[in-house]
$ cat run.cif   # mmCIF, C-alpha atoms, pLDDT in the B column; chains and numbers go by the auth columns
data_run
#
loop_
_atom_site.group_PDB
_atom_site.id
_atom_site.type_symbol
_atom_site.label_atom_id
_atom_site.label_comp_id
_atom_site.label_asym_id
_atom_site.label_seq_id
_atom_site.Cartn_x
_atom_site.Cartn_y
_atom_site.Cartn_z
_atom_site.B_iso_or_equiv
_atom_site.auth_seq_id
_atom_site.auth_asym_id
ATOM 1 C CA ALA A 1 179.160 22.072 76.690 70.00 1 X
ATOM 2 C CA GLN A 2 178.481 18.532 75.631 81.00 2 X
ATOM 3 C CA SER A 3 180.071 15.636 77.478 88.00 3 X
ATOM 4 C CA VAL A 4 179.740 11.885 77.839 92.00 4 X
ATOM 5 C CA THR A 5 180.282 9.544 80.762 94.00 5 X
ATOM 6 C CA GLN A 6 181.160 5.926 80.223 95.00 6 X
ATOM 7 C CA LEU A 7 180.023 4.181 83.335 91.00 7 X
ATOM 8 C CA ASP A 8 182.315 1.157 83.192 94.00 8 X
ATOM 9 C CA SER A 9 186.056 1.311 82.736 94.00 9 X
ATOM 10 C CA GLN A 10 186.364 -2.440 82.194 96.00 10 X
ATOM 11 C CA VAL A 11 183.860 -5.073 81.115 97.00 11 X
ATOM 12 C CA PRO A 12 184.930 -8.718 81.152 97.00 12 X
ATOM 13 C CA VAL A 13 182.673 -11.130 79.294 97.00 13 X
ATOM 14 C CA PHE A 14 182.790 -14.681 78.009 97.00 14 X
ATOM 15 C CA GLU A 15 182.789 -15.446 74.329 97.00 15 X
ATOM 16 C CA GLU A 16 179.317 -15.726 72.778 97.00 16 X
ATOM 17 C CA ALA A 17 177.710 -13.899 75.706 97.00 17 X
ATOM 18 C CA PRO A 18 175.800 -10.641 75.204 97.00 18 X
ATOM 19 C CA VAL A 19 177.359 -7.369 76.232 98.00 19 X
ATOM 20 C CA GLU A 20 176.240 -3.813 76.941 97.00 20 X
ATOM 21 C CA LEU A 21 178.614 -0.886 77.243 98.00 21 X
ATOM 22 C CA ARG A 22 176.997 2.094 78.902 97.00 22 X
ATOM 23 C CA CYS A 23 177.229 5.724 77.900 97.00 23 X
ATOM 24 C CA ASN A 24 175.374 8.735 79.263 96.00 24 X
ATOM 25 C CA TYR A 25 175.569 12.169 77.738 93.00 25 X
ATOM 26 C CA SER A 26 175.071 15.670 79.006 89.00 26 X
ATOM 27 C CA SER A 27 173.956 18.452 76.747 78.00 27 X
ATOM 28 C CA SER A 28 171.642 21.413 76.675 70.00 28 X
ATOM 29 C CA VAL A 29 171.164 21.217 72.927 74.00 29 X
ATOM 30 C CA SER A 30 170.519 18.542 70.348 75.00 30 X
ATOM 31 C CA VAL A 31 173.368 16.125 70.103 81.00 31 X
ATOM 32 C CA TYR A 32 174.978 13.733 67.737 89.00 32 X
ATOM 33 C CA LEU A 33 176.401 10.575 69.277 93.00 33 X
ATOM 34 C CA PHE A 34 179.072 8.160 68.167 94.00 34 X
ATOM 35 C CA TRP A 35 180.731 4.943 69.231 97.00 35 X
ATOM 36 C CA TYR A 36 184.312 4.223 68.203 96.00 36 X
ATOM 37 C CA VAL A 37 186.486 1.166 68.725 96.00 37 X
ATOM 38 C CA GLN A 38 190.241 1.136 69.207 94.00 38 X
ATOM 39 C CA TYR A 39 192.196 -2.065 68.764 93.00 39 X
ATOM 40 C CA PRO A 40 195.642 -2.261 70.377 88.00 40 X
ATOM 41 C CA ASN A 41 198.184 0.087 68.822 83.00 41 X
ATOM 42 C CA GLN A 42 195.729 1.368 66.263 87.00 42 X
ATOM 43 C CA GLY A 43 193.676 4.477 65.638 89.00 43 X
ATOM 44 C CA LEU A 44 189.981 4.760 66.335 92.00 44 X
ATOM 45 C CA GLN A 45 187.426 3.270 63.977 93.00 45 X
ATOM 46 C CA LEU A 46 183.793 4.339 63.752 93.00 46 X
ATOM 47 C CA LEU A 47 181.320 1.661 64.889 95.00 47 X
ATOM 48 C CA LEU A 48 178.088 3.614 64.518 95.00 48 X
ATOM 49 C CA LYS A 49 176.532 7.036 64.833 92.00 49 X
ATOM 50 C CA TYR A 50 173.243 8.628 65.750 91.00 50 X
ATOM 51 C CA LEU A 51 172.363 11.870 63.997 86.00 51 X
ATOM 52 C CA SER A 52 168.564 11.766 63.887 82.00 52 X
ATOM 53 C CA GLY A 53 165.685 9.474 62.990 83.00 53 X
ATOM 54 C CA SER A 54 165.347 5.952 64.357 85.00 54 X
ATOM 55 C CA THR A 55 166.644 5.649 67.886 88.00 55 X
ATOM 56 C CA LEU A 56 168.031 2.163 67.226 94.00 56 X
ATOM 57 C CA VAL A 57 171.223 2.416 65.258 94.00 57 X
ATOM 58 C CA LYS A 58 173.004 -0.543 63.713 95.00 58 X
ATOM 59 C CA GLY A 59 176.726 -0.478 63.114 94.00 59 X
ATOM 60 C CA ILE A 60 179.555 -2.637 61.936 93.00 60 X
ATOM 61 C CA ASN A 61 180.615 -5.977 63.401 93.00 61 X
ATOM 62 C CA GLY A 62 177.116 -6.723 64.743 95.00 62 X
ATOM 63 C CA PHE A 63 177.008 -3.833 67.201 97.00 63 X
ATOM 64 C CA GLU A 64 173.971 -1.644 67.776 97.00 64 X
ATOM 65 C CA ALA A 65 173.097 1.244 70.055 97.00 65 X
ATOM 66 C CA GLU A 66 169.904 2.839 71.240 95.00 66 X
ATOM 67 C CA PHE A 67 169.463 6.559 71.727 93.00 67 X
ATOM 68 C CA ASN A 68 167.286 7.289 74.744 92.00 68 X
ATOM 69 C CA LYS A 69 166.576 10.968 75.137 89.00 69 X
ATOM 70 C CA SER A 70 164.652 10.690 78.406 90.00 70 X
ATOM 71 C CA GLN A 71 167.513 8.831 80.047 92.00 71 X
ATOM 72 C CA THR A 72 170.203 10.725 78.119 92.00 72 X
ATOM 73 C CA SER A 73 171.834 7.447 77.244 94.00 73 X
ATOM 74 C CA PHE A 74 173.390 5.826 74.204 96.00 74 X
ATOM 75 C CA HIS A 75 174.317 2.300 75.267 97.00 75 X
ATOM 76 C CA LEU A 76 176.176 -0.039 72.920 98.00 76 X
ATOM 77 C CA ARG A 77 175.104 -3.672 72.652 97.00 77 X
ATOM 78 C CA LYS A 78 176.059 -6.883 70.933 97.00 78 X
ATOM 79 C CA PRO A 79 174.066 -10.092 71.342 97.00 79 X
ATOM 80 C CA SER A 80 177.054 -12.438 71.066 97.00 80 X
ATOM 81 C CA VAL A 81 180.667 -11.306 71.341 97.00 81 X
ATOM 82 C CA HIS A 82 183.775 -12.819 69.820 96.00 82 X
ATOM 83 C CA ILE A 83 187.338 -12.904 71.060 96.00 83 X
ATOM 84 C CA SER A 84 188.167 -10.432 68.313 95.00 84 X
ATOM 85 C CA ASP A 85 185.870 -7.833 69.915 96.00 85 X
ATOM 86 C CA THR A 86 188.429 -7.332 72.666 96.00 86 X
ATOM 87 C CA ALA A 87 189.284 -3.639 72.391 97.00 87 X
ATOM 88 C CA GLU A 88 188.745 -0.201 73.875 96.00 88 X
ATOM 89 C CA TYR A 89 185.371 1.380 73.110 97.00 89 X
ATOM 90 C CA PHE A 90 184.753 5.103 73.173 96.00 90 X
ATOM 91 C CA CYS A 91 181.497 6.975 73.266 96.00 91 X
ATOM 92 C CA ALA A 92 181.610 10.497 71.852 94.00 92 X
ATOM 93 C CA VAL A 93 179.303 13.462 71.505 91.00 93 X
ATOM 94 C CA SER A 94 179.286 16.390 69.170 84.00 94 X
ATOM 95 C CA GLY A 95 177.093 19.449 69.415 69.00 95 X
ATOM 96 C CA VAL A 96 175.124 21.025 66.634 61.00 96 X
ATOM 97 C CA LEU A 97 177.493 23.923 66.122 62.00 97 X
ATOM 98 C CA ARG A 98 180.790 22.151 66.095 69.00 98 X
ATOM 99 C CA ASP A 99 182.313 19.186 64.365 75.00 99 X
ATOM 100 C CA ALA A 100 184.751 18.276 67.080 81.00 100 X
ATOM 101 C CA LEU A 101 184.035 15.326 69.326 86.00 101 X
ATOM 102 C CA ASN A 102 184.157 15.060 73.093 88.00 102 X
ATOM 103 C CA PHE A 103 185.136 11.535 74.020 91.00 103 X
ATOM 104 C CA GLY A 104 184.402 9.515 77.100 93.00 104 X
ATOM 105 C CA LYS A 105 187.209 7.867 79.050 93.00 105 X
ATOM 106 C CA GLY A 106 186.665 4.586 77.259 95.00 106 X
ATOM 107 C CA THR A 107 185.540 1.096 78.253 97.00 107 X
ATOM 108 C CA SER A 108 187.909 -1.805 77.928 97.00 108 X
ATOM 109 C CA LEU A 109 186.048 -4.886 76.697 97.00 109 X
ATOM 110 C CA LEU A 110 187.824 -8.149 77.420 97.00 110 X
ATOM 111 C CA VAL A 111 186.343 -11.256 75.836 97.00 111 X
ATOM 112 C CA THR A 112 187.612 -14.580 77.133 96.00 112 X
ATOM 113 C CA PRO A 113 186.936 -18.149 76.010 94.00 113 X
ATOM 114 C CA ASP B 1 191.836 4.240 49.152 63.00 114 A
ATOM 115 C CA ALA B 2 194.450 5.637 51.517 81.00 115 A
ATOM 116 C CA GLY B 3 193.305 6.607 54.957 92.00 116 A
ATOM 117 C CA VAL B 4 194.722 9.323 57.152 96.00 117 A
ATOM 118 C CA ILE B 5 198.491 9.150 57.097 96.00 118 A
ATOM 119 C CA GLN B 6 200.616 10.199 60.034 97.00 119 A
ATOM 120 C CA SER B 7 204.357 10.395 60.409 96.00 120 A
ATOM 121 C CA PRO B 8 206.438 9.471 62.190 96.00 121 A
ATOM 122 C CA ARG B 9 204.733 6.506 63.836 95.00 122 A
ATOM 123 C CA HIS B 10 207.135 6.627 66.750 96.00 123 A
ATOM 124 C CA GLU B 11 209.279 9.453 68.072 97.00 124 A
ATOM 125 C CA VAL B 12 211.717 9.433 70.953 97.00 125 A
ATOM 126 C CA THR B 13 213.332 12.717 71.836 96.00 126 A
ATOM 127 C CA GLU B 14 214.981 14.490 74.708 96.00 127 A
ATOM 128 C CA MET B 15 213.432 17.218 76.778 96.00 128 A
ATOM 129 C CA GLY B 16 213.910 20.620 75.196 96.00 129 A
ATOM 130 C CA GLN B 17 214.004 19.378 71.622 97.00 130 A
ATOM 131 C CA GLU B 18 211.567 20.418 68.935 97.00 131 A
ATOM 132 C CA VAL B 19 209.115 17.784 67.735 97.00 132 A
ATOM 133 C CA THR B 20 207.084 17.974 64.540 98.00 133 A
ATOM 134 C CA LEU B 21 204.239 15.599 63.828 98.00 134 A
ATOM 135 C CA ARG B 22 202.759 15.366 60.359 98.00 135 A
ATOM 136 C CA CYS B 23 199.374 14.449 58.982 98.00 136 A
ATOM 137 C CA LYS B 24 197.908 13.908 55.548 98.00 137 A
ATOM 138 C CA PRO B 25 194.091 13.804 55.665 97.00 138 A
ATOM 139 C CA ILE B 26 191.872 11.786 53.384 96.00 139 A
ATOM 140 C CA SER B 27 191.610 13.447 50.009 95.00 140 A
ATOM 141 C CA GLY B 28 188.452 15.546 49.750 93.00 141 A
ATOM 142 C CA HIS B 29 187.925 15.914 53.474 94.00 142 A
ATOM 143 C CA ASN B 30 187.579 19.498 54.666 93.00 143 A
ATOM 144 C CA SER B 31 187.976 19.148 58.431 93.00 144 A
ATOM 145 C CA LEU B 32 191.073 18.034 60.296 95.00 145 A
ATOM 146 C CA PHE B 33 191.504 17.310 63.988 95.00 146 A
ATOM 147 C CA TRP B 34 194.462 16.745 66.274 96.00 147 A
ATOM 148 C CA TYR B 35 193.899 14.663 69.418 95.00 148 A
ATOM 149 C CA ARG B 36 196.160 13.560 72.226 95.00 149 A
ATOM 150 C CA GLN B 37 195.649 10.307 74.134 93.00 150 A
ATOM 151 C CA THR B 38 197.106 9.540 77.556 93.00 151 A
ATOM 152 C CA MET B 39 196.185 7.070 80.240 88.00 152 A
ATOM 153 C CA MET B 40 195.437 9.826 82.707 88.00 153 A
ATOM 154 C CA ARG B 41 193.411 12.201 80.541 88.00 154 A
ATOM 155 C CA GLY B 42 192.040 9.942 77.823 88.00 155 A
ATOM 156 C CA LEU B 43 191.410 11.449 74.387 91.00 156 A
ATOM 157 C CA GLU B 44 191.628 15.215 74.250 90.00 157 A
ATOM 158 C CA LEU B 45 190.948 17.456 71.290 91.00 158 A
ATOM 159 C CA LEU B 46 193.852 19.826 70.759 94.00 159 A
ATOM 160 C CA ILE B 47 192.760 21.774 67.690 94.00 160 A
ATOM 161 C CA TYR B 48 190.612 21.463 64.646 91.00 161 A
ATOM 162 C CA PHE B 49 190.620 23.060 61.229 94.00 162 A
ATOM 163 C CA ASN B 50 187.858 23.555 58.712 92.00 163 A
ATOM 164 C CA ASN B 51 188.864 24.417 55.155 93.00 164 A
ATOM 165 C CA ASN B 52 192.441 24.922 56.410 94.00 165 A
ATOM 166 C CA VAL B 53 191.366 27.545 58.959 94.00 166 A
ATOM 167 C CA PRO B 54 191.766 26.887 62.699 93.00 167 A
ATOM 168 C CA ILE B 55 188.293 26.861 64.243 90.00 168 A
ATOM 169 C CA ASP B 56 188.968 25.849 67.822 88.00 169 A
ATOM 170 C CA ASP B 57 192.384 25.687 69.460 90.00 170 A
ATOM 171 C CA SER B 58 191.173 25.882 73.034 87.00 171 A
ATOM 172 C CA GLY B 59 192.572 22.433 73.709 89.00 172 A
ATOM 173 C CA MET B 60 196.140 23.353 72.883 92.00 173 A
ATOM 174 C CA PRO B 61 197.962 22.973 76.206 85.00 174 A
ATOM 175 C CA GLU B 62 200.167 26.043 76.048 82.00 175 A
ATOM 176 C CA ASP B 63 202.315 28.178 73.836 89.00 176 A
ATOM 177 C CA ARG B 64 204.771 25.366 73.315 95.00 177 A
ATOM 178 C CA PHE B 65 202.226 23.742 71.014 96.00 178 A
ATOM 179 C CA SER B 66 201.420 25.074 67.572 96.00 179 A
ATOM 180 C CA ALA B 67 199.571 23.641 64.585 97.00 180 A
ATOM 181 C CA LYS B 68 199.401 24.640 60.955 96.00 181 A
ATOM 182 C CA MET B 69 197.486 23.576 57.912 97.00 182 A
ATOM 183 C CA PRO B 70 199.081 25.248 54.901 96.00 183 A
ATOM 184 C CA ASN B 71 196.891 23.382 52.422 95.00 184 A
ATOM 185 C CA ALA B 72 194.085 20.852 52.270 94.00 185 A
ATOM 186 C CA SER B 73 196.419 17.878 52.174 95.00 186 A
ATOM 187 C CA PHE B 74 198.876 18.561 54.967 96.00 187 A
ATOM 188 C CA SER B 75 198.999 19.591 58.607 98.00 188 A
ATOM 189 C CA THR B 76 201.683 19.753 61.267 98.00 189 A
ATOM 190 C CA LEU B 77 201.650 19.797 65.038 98.00 190 A
ATOM 191 C CA LYS B 78 204.790 21.194 66.582 97.00 191 A
ATOM 192 C CA ILE B 79 205.988 21.082 70.161 97.00 192 A
ATOM 193 C CA GLN B 80 208.841 23.407 71.061 96.00 193 A
ATOM 194 C CA PRO B 81 210.408 22.849 73.520 95.00 194 A
ATOM 195 C CA SER B 82 209.177 19.371 74.363 96.00 195 A
ATOM 196 C CA GLU B 83 208.755 18.157 77.942 96.00 196 A
ATOM 197 C CA PRO B 84 208.333 14.667 79.446 96.00 197 A
ATOM 198 C CA ARG B 85 204.669 15.382 80.199 95.00 198 A
ATOM 199 C CA ASP B 86 204.065 15.688 76.451 96.00 199 A
ATOM 200 C CA SER B 87 204.618 11.952 76.098 97.00 200 A
ATOM 201 C CA ALA B 88 201.421 10.556 74.581 97.00 201 A
ATOM 202 C CA VAL B 89 199.900 9.182 71.424 95.00 202 A
ATOM 203 C CA TYR B 90 198.901 11.944 69.042 97.00 203 A
ATOM 204 C CA PHE B 91 196.133 11.235 66.564 96.00 204 A
ATOM 205 C CA CYS B 92 195.116 13.101 63.490 96.00 205 A
ATOM 206 C CA ALA B 93 191.587 12.659 62.116 95.00 206 A
ATOM 207 C CA SER B 94 189.729 14.053 59.142 94.00 207 A
ATOM 208 C CA SER B 95 186.122 14.308 58.055 92.00 208 A
ATOM 209 C CA LEU B 96 183.910 15.688 55.335 90.00 209 A
ATOM 210 C CA SER B 97 181.756 18.285 57.054 82.00 210 A
ATOM 211 C CA SER B 98 178.549 19.395 55.390 78.00 211 A
ATOM 212 C CA GLY B 99 176.353 20.984 58.004 70.00 212 A
ATOM 213 C CA THR B 100 175.849 18.057 60.343 71.00 213 A
ATOM 214 C CA PRO B 101 178.727 16.427 62.239 73.00 214 A
ATOM 215 C CA ALA B 102 180.369 13.791 60.112 79.00 215 A
ATOM 216 C CA ALA B 103 182.214 10.654 61.006 85.00 216 A
ATOM 217 C CA GLN B 104 185.866 11.237 61.697 89.00 217 A
ATOM 218 C CA TYR B 105 188.511 8.961 60.267 92.00 218 A
ATOM 219 C CA PHE B 106 191.562 8.503 62.432 93.00 219 A
ATOM 220 C CA GLY B 107 195.146 7.920 61.500 94.00 220 A
ATOM 221 C CA PRO B 108 197.261 5.276 63.245 93.00 221 A
ATOM 222 C CA GLY B 109 198.772 7.828 65.608 95.00 222 A
ATOM 223 C CA THR B 110 202.250 8.999 66.529 97.00 223 A
ATOM 224 C CA ARG B 111 203.610 7.598 69.766 96.00 224 A
ATOM 225 C CA LEU B 112 205.785 10.297 71.329 97.00 225 A
ATOM 226 C CA LEU B 113 208.182 9.696 74.180 97.00 226 A
ATOM 227 C CA VAL B 114 210.035 12.661 75.637 97.00 227 A
ATOM 228 C CA LEU B 115 212.900 11.684 77.904 96.00 228 A
#
$ encode --input "run.cif" --output "structure tokens"
Amino acid sequence: AQSVTQLDSQVPVFEEAPVELRCNYSSSVSVYLFWYVQYPNQGLQLLLKYLSGSTLVKGINGFEAEFNKSQTSFHLRKPSVHISDTAEYFCAVSGVLRDALNFGKGTSLLVTP
Amino acid sequence: DAGVIQSPRHEVTEMGQEVTLRCKPISGHNSLFWYRQTMMRGLELLIYFNNNVPIDDSGMPEDRFSAKMPNASFSTLKIQPSEPRDSAVYFCASSLSSGTPAAQYFGPGTRLLVL
């Protein structure tokens, strides 16, 4: 079965600083990887996805992620965060044969002035 | 363009009562998912449908939970009887599946509190 581990439950960062949210996956088959963001009291919104091709994936709101097969990682990065980026971020994996996603526990990003 | 619609947005009920959550997926999407989110267990997949047919219900906690999708534009998740441990936020999501996993679009969720 495919699974993901988000290594940090909380990441505090100052506004305009860079940030990296870490995600490692476990799978015995090819995987598809996703990052979602959840703002307070809202549903999840897709940030970006990796299906195949270039290992550097660019998403919305200035976020990007790099797929690293040798390290089984899919870390999310942003060079300069804003207060409005404060939210919960979820890494998710889906296997080749199923559409359903397995989510990580989430990382709470707190951006302060 | 309307997104995934869920109702009710909030539900407070007493233990033992029946609860029905409703979902309208995005028009044209052929896959529908029900998730549950709690602080302790995070986001868990309960069941998903493809072309109105249940594909995987291994995440459904027990017989008290049931889900239906009578047509492409409507799904329900029913809990009968409800228990306090069912308190959670329930999300519905839909996607357009075409061979490779597609992005899922989530509804705003139903916040359920069972007293």
$ closest_atom_pairs --input "run.cif" --of "chain A" --to "chain X" --cutoff "6 Å" --atoms "only C-alpha atoms" --output "CSV"
residue,atom,partner,partner_atom,distance
A:Gly155,CA,X:Lys105,CA,5.4
A:Pro214,CA,X:Asp99,CA,5.0
A:Phe219,CA,X:Gly43,CA,5.6
A:Gly220,CA,X:Gly43,CA,5.6
A:Pro221,CA,X:Gly43,CA,4.4
$ resolve_selection --input "run.cif" --expression "the PyMOL selection byres ((chain A and resi 217) around 6)" --output "PyMOL selection string"
chain A and resi 206-208+216+218
$ resolve_selection --input "run.cif" --expression "the PyMOL selection byres ((chain A and resi 130-141) around 8)" --output "PyMOL selection string"
chain A and resi 115-121+126-129+142-143+145+185-195+205-209+223
$ residues_around --input "run.cif" --residues "region 68-80 of chain X" --least-positions-apart "4" --cutoff "12 Å" --atoms "all atoms listed in the file" --output "PDB file with C-alpha atoms, in the frame of the given file"
ATOM      1  CA  GLN X   2     178.481  18.532  75.631  1.00 81.00           C
ATOM      2  CA  SER X   3     180.071  15.636  77.478  1.00 88.00           C
ATOM      3  CA  VAL X   4     179.740  11.885  77.839  1.00 92.00           C
ATOM      4  CA  THR X   5     180.282   9.544  80.762  1.00 94.00           C
ATOM      5  CA  GLN X   6     181.160   5.926  80.223  1.00 95.00           C
ATOM      6  CA  LEU X   7     180.023   4.181  83.335  1.00 91.00           C
ATOM      7  CA  ASP X   8     182.315   1.157  83.192  1.00 94.00           C
ATOM      8  CA  VAL X  13     182.673 -11.130  79.294  1.00 97.00           C
ATOM      9  CA  PHE X  14     182.790 -14.681  78.009  1.00 97.00           C
ATOM     10  CA  GLU X  15     182.789 -15.446  74.329  1.00 97.00           C
ATOM     11  CA  GLU X  16     179.317 -15.726  72.778  1.00 97.00           C
ATOM     12  CA  ALA X  17     177.710 -13.899  75.706  1.00 97.00           C
ATOM     13  CA  PRO X  18     175.800 -10.641  75.204  1.00 97.00           C
ATOM     14  CA  VAL X  19     177.359  -7.369  76.232  1.00 98.00           C
ATOM     15  CA  GLU X  20     176.240  -3.813  76.941  1.00 97.00           C
ATOM     16  CA  LEU X  21     178.614  -0.886  77.243  1.00 98.00           C
ATOM     17  CA  ARG X  22     176.997   2.094  78.902  1.00 97.00           C
ATOM     18  CA  CYS X  23     177.229   5.724  77.900  1.00 97.00           C
ATOM     19  CA  ASN X  24     175.374   8.735  79.263  1.00 96.00           C
ATOM     20  CA  TYR X  25     175.569  12.169  77.738  1.00 93.00           C
ATOM     21  CA  SER X  26     175.071  15.670  79.006  1.00 89.00           C
ATOM     22  CA  SER X  27     173.956  18.452  76.747  1.00 78.00           C
ATOM     23  CA  SER X  28     171.642  21.413  76.675  1.00 70.00           C
ATOM     24  CA  VAL X  29     171.164  21.217  72.927  1.00 74.00           C
ATOM     25  CA  SER X  30     170.519  18.542  70.348  1.00 75.00           C
ATOM     26  CA  VAL X  31     173.368  16.125  70.103  1.00 81.00           C
ATOM     27  CA  TYR X  32     174.978  13.733  67.737  1.00 89.00           C
ATOM     28  CA  LEU X  33     176.401  10.575  69.277  1.00 93.00           C
ATOM     29  CA  PHE X  34     179.072   8.160  68.167  1.00 94.00           C
ATOM     30  CA  TRP X  35     180.731   4.943  69.231  1.00 97.00           C
ATOM     31  CA  TYR X  36     184.312   4.223  68.203  1.00 96.00           C
ATOM     32  CA  VAL X  37     186.486   1.166  68.725  1.00 96.00           C
ATOM     33  CA  LEU X  47     181.320   1.661  64.889  1.00 95.00           C
ATOM     34  CA  LEU X  48     178.088   3.614  64.518  1.00 95.00           C
ATOM     35  CA  LYS X  49     176.532   7.036  64.833  1.00 92.00           C
ATOM     36  CA  TYR X  50     173.243   8.628  65.750  1.00 91.00           C
ATOM     37  CA  LEU X  51     172.363  11.870  63.997  1.00 86.00           C
ATOM     38  CA  SER X  52     168.564  11.766  63.887  1.00 82.00           C
ATOM     39  CA  SER X  54     165.347   5.952  64.357  1.00 85.00           C
ATOM     40  CA  THR X  55     166.644   5.649  67.886  1.00 88.00           C
ATOM     41  CA  LEU X  56     168.031   2.163  67.226  1.00 94.00           C
ATOM     42  CA  VAL X  57     171.223   2.416  65.258  1.00 94.00           C
ATOM     43  CA  LYS X  58     173.004  -0.543  63.713  1.00 95.00           C
ATOM     44  CA  GLY X  59     176.726  -0.478  63.114  1.00 94.00           C
ATOM     45  CA  ILE X  60     179.555  -2.637  61.936  1.00 93.00           C
ATOM     46  CA  ASN X  61     180.615  -5.977  63.401  1.00 93.00           C
ATOM     47  CA  GLY X  62     177.116  -6.723  64.743  1.00 95.00           C
ATOM     48  CA  PHE X  63     177.008  -3.833  67.201  1.00 97.00           C
ATOM     49  CA  GLU X  64     173.971  -1.644  67.776  1.00 97.00           C
ATOM     50  CA  SER X  84     188.167 -10.432  68.313  1.00 95.00           C
ATOM     51  CA  ASP X  85     185.870  -7.833  69.915  1.00 96.00           C
ATOM     52  CA  TYR X  89     185.371   1.380  73.110  1.00 97.00           C
ATOM     53  CA  PHE X  90     184.753   5.103  73.173  1.00 96.00           C
ATOM     54  CA  CYS X  91     181.497   6.975  73.266  1.00 96.00           C
ATOM     55  CA  ALA X  92     181.610  10.497  71.852  1.00 94.00           C
ATOM     56  CA  VAL X  93     179.303  13.462  71.505  1.00 91.00           C
ATOM     57  CA  GLY X 104     184.402   9.515  77.100  1.00 93.00           C
ATOM     58  CA  THR X 107     185.540   1.096  78.253  1.00 97.00           C
ATOM     59  CA  LEU X 109     186.048  -4.886  76.697  1.00 97.00           C
ATOM     60  CA  VAL X 111     186.343 -11.256  75.836  1.00 97.00           C
TER      61      VAL X 111
END
$ atom_distance --input "run.cif" --atom1 "CA of Phe162 (chain A)" --atom2 "CA of Ala180 (chain A)"
9.6 Å
$ resolve_selection --input "run.cif" --expression "the PyMOL selection byres ((chain A and resi 158) around 7)" --output "list in words"
Trp147, Tyr148, Arg149, Leu156, Glu157, Leu159, Ile160 and Gly172 of chain A
$ write_last_selection --input "run.cif" --atoms "C-alpha atoms" --output "CSV table (one decimal), in the coordinates of the input"
chain,number,residue,atom,x,y,z
A,147,TRP,CA,194.5,16.7,66.3
A,148,TYR,CA,193.9,14.7,69.4
A,149,ARG,CA,196.2,13.6,72.2
A,156,LEU,CA,191.4,11.4,74.4
A,157,GLU,CA,191.6,15.2,74.2
A,159,LEU,CA,193.9,19.8,70.8
A,160,ILE,CA,192.8,21.8,67.7
A,172,GLY,CA,192.6,22.4,73.7
$ atom_distance --input "run.cif" --atom1 "CA of Asn165 (chain A)" --atom2 "CA of Phe146 (chain A)"
10.8 Å
$ atom_distance --input "run.cif" --atom1 "CA of Pro12 (chain X)" --atom2 "CA of Gly222 (chain A)"
26.6 Å
$ residues_around --input "run.cif" --residues "Thr151 (chain A)" --least-positions-apart "5" --cutoff "10 Å" --atoms "only C-alpha atoms" --output "PyMOL selection string"
chain A and resi 156-157+198-203
$ closest_residue --input "run.cif" --among "A:Ser144, A:Ser179, A:Ser171, A:Arg122" --to "Gly212 (chain A)" --atoms "only C-alpha atoms"
A:Ser144
